[in-house]
Each structure stands twice: as structure tokens, then as C-alpha cells.
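my_file_2.tsv, holding TSV, C-alpha atoms:
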```
chain	number	residue	atom	x	y	z
A	1	MET	CA	-5.73	-1.69	-9.29
A	2	LYS	CA	-9.29	-2.50	-8.32
A	3	SER	CA	-8.92	-6.22	-9.01
A	4	ASN	CA	-6.64	-6.73	-5.99
A	5	TYR	CA	-8.15	-4.01	-3.77
A	6	GLU	CA	-10.20	-6.48	-1.71
A	7	LEU	CA	-7.74	-9.40	-1.58
A	8	CYS	CA	-4.95	-10.42	0.72
A	9	LEU	CA	-2.27	-13.01	0.00
A	10	SER	CA	-1.38	-14.91	3.14
A	11	GLY	CA	2.17	-16.24	2.92
A	12	HIS	CA	4.37	-18.11	5.35
A	13	ARG	CA	6.23	-15.19	6.92
A	14	CYS	CA	4.42	-12.22	5.39
A	15	ILE	CA	0.92	-11.18	4.37
A	16	LEU	CA	0.34	-8.97	1.34
A	17	VAL	CA	-2.57	-6.56	1.73
A	18	PRO	CA	-3.91	-3.91	-0.69
A	19	TYR	CA	-2.49	-0.40	-0.40
A	20	ARG	CA	-5.21	1.66	1.29
A	21	PRO	CA	-5.57	5.11	2.91
A	22	GLU	CA	-4.81	3.74	6.40
A	23	HIS	CA	-1.29	2.91	5.19
A	24	LEU	CA	-0.49	6.45	4.06
A	25	PRO	CA	1.03	7.86	7.31
A	26	ASN	CA	3.61	5.07	7.56
A	27	TYR	CA	4.28	5.03	3.84
A	28	HIS	CA	4.76	8.79	3.76
A	29	GLU	CA	7.22	8.54	6.66
A	30	TRP	CA	9.20	5.87	4.82
A	31	MET	CA	9.47	7.97	1.69
A	32	GLN	CA	11.10	10.86	3.53
A	33	ASP	CA	14.14	8.64	4.19
A	34	PRO	CA	17.02	9.70	1.86
A	35	HIS	CA	18.31	6.11	1.70
A	36	LEU	CA	14.95	4.75	0.51
A	37	LEU	CA	14.48	7.63	-1.91
A	38	GLU	CA	17.86	6.88	-3.49
A	39	ALA	CA	17.29	3.12	-3.54
A	40	THR	CA	13.89	3.51	-5.22
A	41	ALA	CA	14.90	6.44	-7.46
A	42	SER	CA	11.99	8.43	-6.00
A	43	GLU	CA	11.32	12.04	-5.15
A	44	PRO	CA	9.83	13.06	-1.78
A	45	LEU	CA	6.12	13.88	-1.96
A	46	SER	CA	3.86	15.88	0.31
A	47	MET	CA	1.13	14.02	2.19
A	48	GLU	CA	-1.45	15.54	-0.18
A	49	GLU	CA	0.50	14.20	-3.17
A	50	GLU	CA	0.76	10.75	-1.55
A	51	ILE	CA	-3.02	10.72	-1.02
A	52	GLU	CA	-3.64	11.55	-4.69
A	53	MET	CA	-1.14	8.94	-5.84
A	54	GLN	CA	-2.78	6.24	-3.71
A	55	LYS	CA	-6.14	7.03	-5.33
A	56	GLU	CA	-4.62	7.00	-8.82
A	57	TRP	CA	-2.88	3.69	-8.25
A	58	MET	CA	-6.09	2.13	-6.97
A	59	GLU	CA	-7.85	3.10	-10.23
A	60	ASP	CA	-4.98	2.22	-12.57
A	61	GLU	CA	-5.31	-1.31	-13.96
A	62	ARG	CA	-1.63	-1.26	-14.93
A	63	LYS	CA	-0.46	-0.96	-11.31
A	64	CYS	CA	-0.84	-3.83	-8.85
A	65	THR	CA	0.53	-2.90	-5.44
A	66	PHE	CA	0.53	-4.61	-2.06
A	67	ILE	CA	1.73	-3.54	1.37
A	68	ILE	CA	3.93	-6.15	3.07
A	69	LEU	CA	3.00	-7.13	6.65
A	70	ALA	CA	5.51	-9.08	8.73
A	71	ARG	CA	3.74	-11.97	10.38
A	72	ASP	CA	6.17	-11.98	13.33
A	73	LEU	CA	5.21	-8.39	14.20
A	74	ILE	CA	1.52	-9.26	14.09
A	75	LEU	CA	2.07	-12.26	16.35
A	76	ILE	CA	4.09	-10.20	18.83
A	77	VAL	CA	1.12	-7.91	19.26
A	78	THR	CA	-1.30	-10.82	19.50
A	79	GLU	CA	0.72	-12.55	22.21
A	80	GLN	CA	0.86	-9.34	24.26
A	81	ASN	CA	-2.79	-8.37	23.94
A	82	ASP	CA	-3.69	-9.16	27.55
A	83	ALA	CA	-0.88	-7.12	29.08
A	84	LYS	CA	-1.03	-4.28	26.54
A	85	ASP	CA	2.74	-3.91	27.01
A	86	PRO	CA	4.71	-1.67	24.68
A	87	ILE	CA	6.64	-3.52	21.98
A	88	GLN	CA	9.94	-2.50	20.42
A	89	ILE	CA	10.05	-2.08	16.63
A	90	ASP	CA	13.14	-0.50	15.02
A	91	GLY	CA	13.97	1.24	18.30
A	92	LYS	CA	10.48	2.73	18.69
A	93	LYS	CA	7.98	1.75	21.37
A	94	GLU	CA	4.50	1.03	20.13
A	95	ASN	CA	1.40	0.05	22.07
A	96	ALA	CA	0.32	-3.57	21.78
A	97	GLU	CA	-3.15	-2.47	20.74
A	98	GLY	CA	-1.65	-1.56	17.38
A	99	GLY	CA	-2.11	2.19	17.41
A	100	GLU	CA	-4.87	4.75	17.66
A	101	GLY	CA	-8.23	3.52	16.41
A	102	ASN	CA	-7.15	-0.12	16.28
A	103	ARG	CA	-8.63	-2.69	18.61
A	104	ALA	CA	-6.56	-5.48	20.13
A	105	LEU	CA	-5.86	-8.35	17.75
A	106	ASP	CA	-7.24	-11.83	18.10
A	107	ILE	CA	-5.76	-14.87	16.34
A	108	GLU	CA	-8.98	-15.18	14.34
A	109	ASP	CA	-8.33	-11.74	12.83
A	110	ILE	CA	-5.20	-12.99	11.05
A	111	PRO	CA	-5.20	-15.36	8.05
A	112	PRO	CA	-3.13	-18.46	8.88
A	113	PRO	CA	0.00	-19.30	6.91
A	114	PRO	CA	-0.67	-21.74	4.05
A	115	HIS	CA	1.40	-24.59	5.49
A	116	LEU	CA	-0.85	-24.68	8.57
A	117	ILE	CA	-3.96	-24.77	6.40
A	118	ASP	CA	-2.52	-27.73	4.50
A	119	GLU	CA	-1.45	-29.61	7.64
A	120	ASN	CA	-4.90	-29.29	9.19
A	121	GLY	CA	-6.63	-30.38	6.02
A	122	ASP	CA	-8.48	-27.06	6.01
A	123	THR	CA	-9.00	-25.48	2.60
A	124	GLY	CA	-10.08	-22.15	4.04
A	125	ILE	CA	-13.65	-22.69	2.83
A	126	ILE	CA	-16.45	-22.05	5.31
A	127	ALA	CA	-20.01	-22.76	4.17
A	128	GLY	CA	-18.91	-22.50	0.55
A	129	THR	CA	-17.20	-19.15	1.07
A	130	LYS	CA	-13.58	-18.37	1.86
A	131	LYS	CA	-13.04	-16.88	5.28
A	132	SER	CA	-12.98	-13.11	5.11
A	133	TYR	CA	-10.74	-10.65	6.97
A	134	PRO	CA	-12.57	-7.31	6.78
A	135	ASN	CA	-10.52	-5.46	9.42
A	136	LEU	CA	-7.07	-6.78	8.57
A	137	THR	CA	-5.63	-3.67	6.93
A	138	GLU	CA	-6.87	-1.27	9.62
A	139	MET	CA	-5.61	-3.39	12.52
A	140	THR	CA	-2.12	-4.18	11.23
A	141	THR	CA	-0.54	-0.88	10.18
A	142	HIS	CA	2.04	-1.43	12.95
A	143	ALA	CA	3.25	-4.54	11.06
A	144	MET	CA	4.02	-2.77	7.77
A	145	ILE	CA	7.59	-3.40	6.57
A	146	GLY	CA	7.49	-2.45	2.88
A	147	ASP	CA	5.65	-2.78	-0.41
A	148	ILE	CA	5.78	-4.90	-3.55
A	149	ASN	CA	4.42	-3.90	-6.96
A	150	LEU	CA	3.74	-5.06	-10.49
A	151	PHE	CA	3.68	-2.47	-13.27
A	152	LEU	CA	1.86	-4.10	-16.18
A	153	SER	CA	2.52	-3.32	-19.85
A	154	GLU	CA	2.27	-4.73	-23.35
A	155	GLU	CA	5.03	-6.82	-24.78
A	156	GLU	CA	6.34	-5.97	-28.23
A	157	SER	CA	4.26	-8.30	-30.37
A	158	GLU	CA	5.36	-10.28	-33.37
A	159	TYR	CA	3.19	-7.99	-35.51
A	160	ASP	CA	4.96	-4.90	-34.16
A	161	SER	CA	8.42	-6.18	-34.99
A	162	ASP	CA	7.56	-7.84	-38.34
A	163	GLY	CA	5.35	-4.98	-39.50
A	164	ALA	CA	7.89	-2.33	-38.62
A	165	LEU	CA	10.62	-4.32	-40.39
A	166	GLN	CA	8.46	-4.75	-43.51
A	167	GLN	CA	7.71	-0.99	-43.57
A	168	HIS	CA	11.42	-0.22	-43.20
A	169	HIS	CA	12.27	-2.46	-46.20
A	170	GLN	CA	9.57	-0.83	-48.35
A	171	ILE	CA	10.79	2.68	-47.51
A	172	HIS	CA	14.37	1.65	-48.26
A	173	HIS	CA	13.30	0.18	-51.63
A	174	TYR	CA	11.41	3.29	-52.75
A	175	PHE	CA	14.17	5.66	-51.73
A	176	HIS	CA	16.65	3.80	-53.90
A	177	ASN	CA	14.40	2.87	-56.84
A	178	SER	CA	11.87	5.69	-57.17
A	179	HIS	CA	12.11	8.92	-59.09
A	180	PRO	CA	12.74	11.78	-56.61
A	181	GLY	CA	9.41	13.38	-57.53
A	182	ASP	CA	7.50	10.21	-56.62
A	183	ARG	CA	9.16	9.51	-53.29
A	184	ASN	CA	6.82	11.56	-51.08
A	185	ARG	CA	3.71	10.06	-52.69
A	186	ASN	CA	5.10	6.55	-52.31
A	187	LEU	CA	6.05	7.12	-48.69
A	188	LEU	CA	2.56	8.42	-47.88
A	189	ARG	CA	1.01	5.37	-49.57
A	190	ILE	CA	3.24	3.00	-47.55
A	191	CYS	CA	2.27	4.68	-44.28
A	192	ASP	CA	-1.44	4.68	-45.21
A	193	ASP	CA	-1.32	1.00	-46.19
A	194	PHE	CA	0.43	0.13	-42.94
A	195	ASN	CA	-1.96	2.10	-40.72
A	196	ASN	CA	-5.13	0.98	-42.52
A	197	SER	CA	-4.30	-2.72	-42.73
A	198	SER	CA	-6.76	-5.06	-41.02
A	199	ASP	CA	-4.07	-6.07	-38.53
A	200	GLY	CA	-3.27	-2.46	-37.81
A	201	ASN	CA	-6.93	-1.60	-37.27
A	202	SER	CA	-7.54	-4.53	-34.96
A	203	LYS	CA	-4.44	-3.65	-32.97
A	204	ALA	CA	-5.52	-0.04	-32.64
A	205	THR	CA	-9.06	-0.80	-31.50
A	206	SER	CA	-8.56	-3.95	-29.40
A	207	LYS	CA	-7.83	-3.81	-25.68
A	208	PRO	CA	-4.07	-4.05	-25.07
A	209	LYS	CA	-2.84	-7.38	-23.72
A	210	LEU	CA	-0.86	-6.65	-20.58
A	211	THR	CA	1.26	-9.79	-20.47
A	212	GLN	CA	4.44	-8.46	-18.89
A	213	ALA	CA	5.16	-6.67	-15.63
A	214	GLU	CA	8.05	-4.84	-14.05
A	215	LEU	CA	8.53	-6.16	-10.51
A	216	ASP	CA	9.49	-3.77	-7.73
A	217	ILE	CA	10.05	-4.58	-4.05
A	218	MET	CA	11.03	-2.40	-1.09
A	219	ILE	CA	11.75	-3.56	2.47
A	220	ALA	CA	11.52	-0.24	4.31
A	221	LYS	CA	11.98	-1.55	7.87
A	222	PRO	CA	15.70	-2.14	8.66
A	223	SER	CA	14.68	-4.82	11.19
A	224	HIS	CA	13.42	-7.05	8.36
A	225	ARG	CA	16.18	-6.67	5.80
A	226	HIS	CA	18.68	-9.48	5.15
A	227	LYS	CA	16.24	-12.16	6.34
A	228	ASN	CA	15.68	-13.86	2.97
A	229	LEU	CA	12.16	-12.45	2.71
A	230	GLY	CA	12.72	-11.16	-0.83
A	231	THR	CA	12.69	-14.56	-2.53
A	232	GLU	CA	9.49	-15.66	-0.84
A	233	LEU	CA	7.72	-12.33	-1.49
A	234	CYS	CA	8.72	-12.17	-5.15
A	235	LEU	CA	7.59	-15.73	-5.82
A	236	GLN	CA	4.34	-14.93	-4.03
A	237	ILE	CA	3.44	-11.96	-6.23
A	238	MET	CA	4.80	-13.60	-9.40
A	239	HIS	CA	2.49	-16.57	-8.85
A	240	TYR	CA	-0.44	-14.23	-8.24
A	241	GLY	CA	0.38	-12.18	-11.35
A	242	ALA	CA	0.68	-15.22	-13.60
A	243	SER	CA	-2.41	-17.03	-12.33
A	244	ASN	CA	-4.71	-14.01	-11.94
A	245	LEU	CA	-3.36	-11.29	-14.25
A	246	HIS	CA	-2.05	-13.55	-17.05
A	247	ILE	CA	1.55	-12.33	-16.82
A	248	ARG	CA	4.08	-14.41	-18.75
A	249	ARG	CA	7.12	-12.15	-18.55
A	250	TYR	CA	8.62	-10.40	-15.50
A	251	PHE	CA	11.50	-7.97	-15.62
A	252	VAL	CA	13.45	-5.76	-13.23
A	253	LYS	CA	15.72	-2.76	-13.77
A	254	ILE	CA	18.61	-2.64	-11.31
A	255	HIS	CA	21.58	-0.29	-11.03
A	256	GLU	CA	24.81	-2.19	-11.57
A	257	SER	CA	26.05	-1.11	-8.12
A	258	ASN	CA	23.01	-2.60	-6.33
A	259	THR	CA	24.60	-5.93	-5.50
A	260	SER	CA	21.90	-7.08	-3.06
A	261	SER	CA	19.11	-6.73	-5.66
A	262	LEU	CA	21.25	-8.40	-8.32
A	263	LYS	CA	21.87	-11.30	-5.94
A	264	LEU	CA	18.15	-11.63	-5.24
A	265	PHE	CA	16.90	-11.59	-8.83
A	266	ARG	CA	19.83	-13.10	-10.73
A	267	ASP	CA	21.27	-15.60	-8.28
A	268	LYS	CA	18.26	-16.62	-6.17
A	269	LEU	CA	15.31	-16.17	-8.53
A	270	GLY	CA	17.04	-17.07	-11.79
A	271	PHE	CA	16.35	-13.90	-13.78
A	272	VAL	CA	18.67	-13.50	-16.79
A	273	HIS	CA	20.29	-10.41	-18.28
A	274	CYS	CA	18.43	-9.04	-21.31
A	275	ALA	CA	19.43	-5.36	-21.67
A	276	TYR	CA	21.80	-2.69	-20.38
A	277	ALA	CA	21.28	1.09	-20.31
A	278	GLU	CA	24.84	2.41	-20.22
A	279	CYS	CA	23.80	6.03	-19.65
A	280	PHE	CA	22.04	4.99	-16.42
A	281	GLY	CA	24.34	2.12	-15.47
A	282	GLU	CA	21.18	0.02	-15.29
A	283	LEU	CA	20.77	-3.70	-15.97
A	284	GLU	CA	17.50	-5.23	-17.10
A	285	LEU	CA	16.90	-8.83	-16.05
A	286	GLU	CA	13.96	-10.99	-17.05
A	287	VAL	CA	12.25	-14.33	-16.74
A	288	LYS	CA	9.92	-15.20	-19.61
A	289	CYS	CA	7.66	-18.13	-20.49
A	290	GLU	CA	5.52	-18.93	-23.51
A	291	SER	CA	2.29	-18.52	-21.54
A	292	ALA	CA	1.00	-17.44	-18.15
A	293	LYS	CA	0.25	-21.08	-17.32
A	294	GLU	CA	3.89	-21.99	-17.95
A	295	MET	CA	4.92	-19.09	-15.74
A	296	VAL	CA	2.78	-20.50	-12.91
A	297	ASN	CA	4.59	-23.83	-13.33
A	298	TRP	CA	7.98	-22.08	-13.39
A	299	VAL	CA	7.18	-20.28	-10.12
A	300	ASP	CA	5.97	-23.53	-8.52
A	301	ARG	CA	9.23	-25.25	-9.45
A	302	ARG	CA	11.29	-22.36	-8.13
A	303	TRP	CA	9.24	-22.40	-4.90
A	304	GLY	CA	9.90	-26.12	-4.47
A	305	ARG	CA	13.62	-25.55	-4.94
A	306	TRP	CA	13.59	-22.72	-2.40
A	307	CYS	CA	11.73	-24.93	0.13
A	308	ASP	CA	14.32	-27.67	-0.32
A	309	GLN	CA	17.12	-25.20	0.36
A	310	ARG	CA	15.40	-24.00	3.53
A	311	ARG	CA	14.94	-27.57	4.72
A	312	ARG	CA	18.65	-28.23	4.23
A	313	SER	CA	19.62	-25.00	5.97
A	314	GLY	CA	17.26	-25.73	8.87
A	315	SER	CA	15.49	-22.38	8.67
A	316	GLY	CA	11.94	-23.64	8.10
A	317	ASN	CA	9.12	-21.13	8.10
A	318	GLY	CA	10.56	-19.04	10.94
A	319	VAL	CA	12.64	-15.92	10.66
A	320	GLY	CA	15.79	-17.31	12.21
A	321	ALA	CA	18.26	-19.84	10.87
A	322	ASP	CA	18.26	-22.02	13.98
A	323	ASP	CA	14.76	-23.48	13.75
A	324	VAL	CA	14.53	-27.26	13.71
A	325	VAL	CA	12.95	-28.54	10.52
A	326	ASP	CA	11.62	-32.01	9.80
A	327	ASP	CA	12.98	-33.38	6.52
A	328	ASP	CA	9.44	-34.38	5.55
A	329	MET	CA	7.90	-31.03	6.44
A	330	ASP	CA	5.45	-29.78	3.85
A	331	PHE	CA	5.84	-26.06	3.29
A	332	GLY	CA	2.52	-26.06	1.41
A	333	ARG	CA	1.47	-23.58	-1.23
A	334	ILE	CA	3.24	-20.26	-1.69
A	335	TYR	CA	0.23	-18.36	-0.39
A	336	GLU	CA	-3.47	-18.60	0.30
A	337	MET	CA	-5.73	-15.92	-1.16
A	338	HIS	CA	-8.46	-14.53	1.11
A	339	PRO	CA	-11.14	-11.84	0.76
A	340	CYS	CA	-10.20	-8.60	2.45
A	341	PRO	CA	-13.46	-6.63	2.11
A	342	LEU	CA	-13.46	-2.89	1.92
A	343	ASN	CA	-14.59	-0.75	4.82
A	344	LEU	CA	-16.46	1.86	2.76
A	345	GLY	CA	-16.32	4.36	5.58
A	346	ASN	CA	-12.54	4.37	5.43
A	347	SER	CA	-11.78	4.09	1.72
A	348	CYS	CA	-11.47	6.16	-1.39
A	349	LEU	CA	-13.63	3.59	-3.16
A	350	GLY	CA	-16.64	4.55	-1.08
A	351	SER	CA	-18.02	6.92	-3.68
A	352	SER	CA	-17.30	4.71	-6.71
```
Target format C-alpha cells, applied to this file:
Amino acid sequence: MKSNYELCLSGHRCILVPYRPEHLPNYHEWMQDPHLLEATASEPLSMEEEIEMQKEWMEDERKCTFIILARDLILIVTEQNDAKDPIQIDGKKENAEGGEGNRALDIEDIPPPPHLIDENGDTGIIAGTKKSYPNLTEMTTHAMIGDINLFLSEEESEYDSDGALQQHHQIHHYFHNSHPGDRNRNLLRICDDFNNSSDGNSKATSKPKLTQAELDIMIAKPSHRHKNLGTELCLQIMHYGASNLHIRRYFVKIHESNTSSLKLFRDKLGFVHCAYAECFGELELEVKCESAKEMVNWVDRRWGRWCDQRRRSGSGNGVGADDVVDDDMDFGRIYEMHPCPLNLGNSCLGSS
């Protein structure tokens, strides 16, 4: 969607950046992997099809997608800038400059993690404007490890359920109490009354309220699976969705054999079972609040609980489980949002 196309969400161990054309080669390579295709229930696409899909998703206000950058991969490149030594990622050697067309990274090119901003008393505001990272997406394609998405939709409203139930009762009444010759006329009148009601008209003409979203996450890089990144990333995008897109309900659809995803959403994030599609062997789990504001509070509480667990386990903000953590350490906010301006010469938005 366009609303997140020039934003990045800087988290503690990962940075979420908008899905742009420069990400297509890596993304296309990922989606040729049979394991990922099966896990995501996807079909392989040609590069031309991937290009068209990226453009469509950028325009579609029901699809909010981010590419996940691993902060440790970005820092590896930064630390090796001077030597330009090759680095090892998933068994492949890559140049420390970050690939063809990318200049060497400097620490100022990377948004800091939110806990450092808090510790330094820095709000990220410079001369009344948040610091911008215009070259971030182009310079960090080597650090891509996956993607995370929100697919927005309307919830079934109270009017939908009550109105449909009322229409059902009326039809049932006329079928059992009307003369057979009058039934068709009565049924037409019921349908006309229902469709032409003031509520029906306002619902048909008003802009749909997209207050729920299906959450989807993929860690494509084997080197970054099983590192407890999923909880942090999901809370990050859930907070963004609730506070910026007014989402009050999140749901996921998971195959009953996918134990790792069930553990993430049910056991770690607290999603609850709400539906089961037996023909697909698919569970639907959800977390729902009365309002988007309450959802923000729910995510904040869950984040605080997750931080407490990491303090107790001694894993801190690093990737490993052996980091020393101060009991009073402030993990800070879930993420810091920064402008990530578009390079019009390298984007499909250039002609818009």
C-alpha cells in the first residue's frame, strides 16, 4: 500500500522496510524454493509476474507488506567496510559493499534500534523533522531475511448479521403463512425493502471500514530461523497496524501440522482458536479488541511481557542466548518509525 511505501520501522533486531523493486531479485529467488512454496501455499511465478505483483501490492490499500532486514547482517557489513572482505551468509560469499550498485554502508545510514534512542534521550527529531533514510532499501538488499504482511478486510458488522437474520425470519414466515401464489411477490418485496433500507444504502455507498487483518510472516533465510524473531516482528507490525491503520482484530490461518507457527501465534502471542476448516486441515486463530486503541494497549502489554521473559532468560536485544542483561535494562519501544523517502529513479511510483 502507498501509506507505508515511504516508511521504515526500526526494531531491536530487525528493520522493516517497504517492498520495492530492488528487492525483487532476492524475493524471486526465495519463491523458487519448494519448501517455502509449500509453507506459504504459493505457486512459483516468473520474474515478470513478480514485477507486476509488486506494483499491484504497492497500489492496493488492502495489502501492507514489509521486507524484513536482519540488523546483525547490516552491522556485519558495516564493521567490514574498510577491508571490503567477503562475508558468509547461508553458505554464500557476498562482498562487504553490499552488492552491485550499492555503496559501502556507514553507521549513519542505518536507523538505530529504539532502545538506544531511548537511552540517549534522543527522540529521533532533528530540526523538527524525523531523521530520514533515503538510501536504506537500496543499500541493504544483502540483509533481507523474509517478509511480513497484513491483508486488510472488513469485519462482519452487527448490521450484516442482524439484517441477514431478520431477512431469514421474514422469508421463513411468508413461506409458511402466505398463499403459494403470493410467495414470489412477497419475497421480492422483502428483498427490495432490505436492499433499499437507509442502512443498506449507507453501507453500499460508504467506504468500507478495514478493521481486521490477516497476518502473514515468512523467514526465508535458514540462518535466521529459530531465533525468536517471530514474536518481536509480529508485535512490531501489529502495533503499527493498530496505531496507523486502525486494526482491531488480527487473525492467522495455519495448517494443523505446522507446529512452529501454532507455537508462535497460540503459545507466544496469545492468539485463540476461532474456526477450523476441516477440508483444508486449517486452524484460524485470532486476537480481537473492542477498538484499535485497545489493540495498541494489548500489544504494549504483550511486548512488556516478552521483554520480561528475555530479561529472565538473559538474551537481551542480541541474537544469542548468552548475552548479559541488566535487570533494570529498558528495552524501549517496540519500534521507531522513520521516513524512508522514495528514489523516484528506481521506483514504480515515479510516474504516479
| message | For segment 214-220 of chain A, find every residue with an atom within 9 Å (counting all atoms listed in the file), except residues of its own chain fewer than 3 positions away, and show them as number ranges by chain. | response | A: 27, 30-31, 36, 39-40, 68, 144-153, 223-225, 229-230, 233-234, 237-238, 249-253
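For the atom pair formed by atom CA of Glu294 of chain A and atom CA of Phe66 of chain A, the distance is 23.8 Å, given to one decimal.
Proximity ranking of A:Leu235, A:Met337, A:Cys307, A:Ala213 relative to Glu286 of chain A places A:Ala213 first, based on all atoms listed in the file.
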| Excluding same-chain residues fewer than 6 positions from Arg305 of chain A, what lies within 12 Å of it counting only C-alpha atoms, as a VMD selection string? | chain A and resid 231 to 232 235 268 to 270 298 to 299 311 to 312 331
| field | Selected residue, from A:Glu156, A:Glu6, A:Glu284, A:Glu49, that lies nearest to Leu262 of chain A when counting only C-alpha atoms | value |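 Between A:Glu156, A:Glu6, A:Glu284, A:Glu49, the residue approaching Leu262 of chain A most closely is A:Glu284.
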| Which distance in Å separates atom CA of Glu22 of chain A and atom CA of Thr137 of chain A, to one decimal? | 7.5 Å
| With distances taken over all atoms listed in the file, which of A:Pro114, A:Arg62, A:Leu73, A:Thr141 is nearest to Leu24 of chain A? |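 Nearest candidate to Leu24 of chain A out of A:Pro114, A:Arg62, A:Leu73, A:Thr141: A:Thr141.
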How big is the axis-aligned box, and where does its centre sit, when it encloses all atoms of segment 28-32 of chain A listed in the file and has 4 Å added on every side, reported in Å to one decimal as JSON?
```
{"center_x": 7.9, "center_y": 8.4, "center_z": 4.2, "size_x": 14.3, "size_y": 13.0, "size_z": 13.0}
```
| query | Restricting the calculation to all atoms listed in the file, which member of A:Lys288, A:Arg20, A:Lys63, A:His338 is positioned closest to His273 of chain A? | reply |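 Of A:Lys288, A:Arg20, A:Lys63, A:His338, the one nearest His273 of chain A is A:Lys288, counting all atoms listed in the file.
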| said: Residues near Thr211 of chain A, anyone? I mean within 6 Å using all atoms listed in the file, not counting same-chain ones fewer than 2 positions away, as a list of chain:residue names. | reply: A:Glu154, A:Lys209, A:Ile247, A:Arg248
| query | Distance atom CA of His246 of chain A-atom CA of Val287 of chain A, one decimal place? | reply |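 One can read the atom CA of His246 of chain A to atom CA of Val287 of chain A distance as 14.3 Å.
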| query | Skipping near chain neighbours, those fewer than 3 positions away, what residues fall within 7 Å of segment 41-47 of chain A using only C-alpha atoms, listed as a ChimeraX atom specification? | reply | /A:28,31-32,37-38,50-51
| message | What's around Ile15 of chain A at 7 Å? Count all atoms listed in the file, leave out sequence neighbours fewer than 4 positions away in its own chain, and write the answer as a list in words. | response |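 With the cut-off at 7 Å, the set is Cys8, Leu9, Ser10, Gly11, Ile68, Leu69, Ala70 and Arg71 of chain A.
The shortest atom-to-atom distance to Gly281 of chain A, with only C-alpha atoms taken into account, belongs to A:Asn258 out of A:Asn258, A:Asn26, A:Asn228, A:Asn244.
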| field | Closest of A:Lys55, A:His142, A:His12, A:His23 to Gln236 of chain A - atom-to-atom distances counting all atoms listed in the file | value |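 Checking each of A:Lys55, A:His142, A:His12, A:His23 against Gln236 of chain A, counting all atoms listed in the file, the winner is A:His12.
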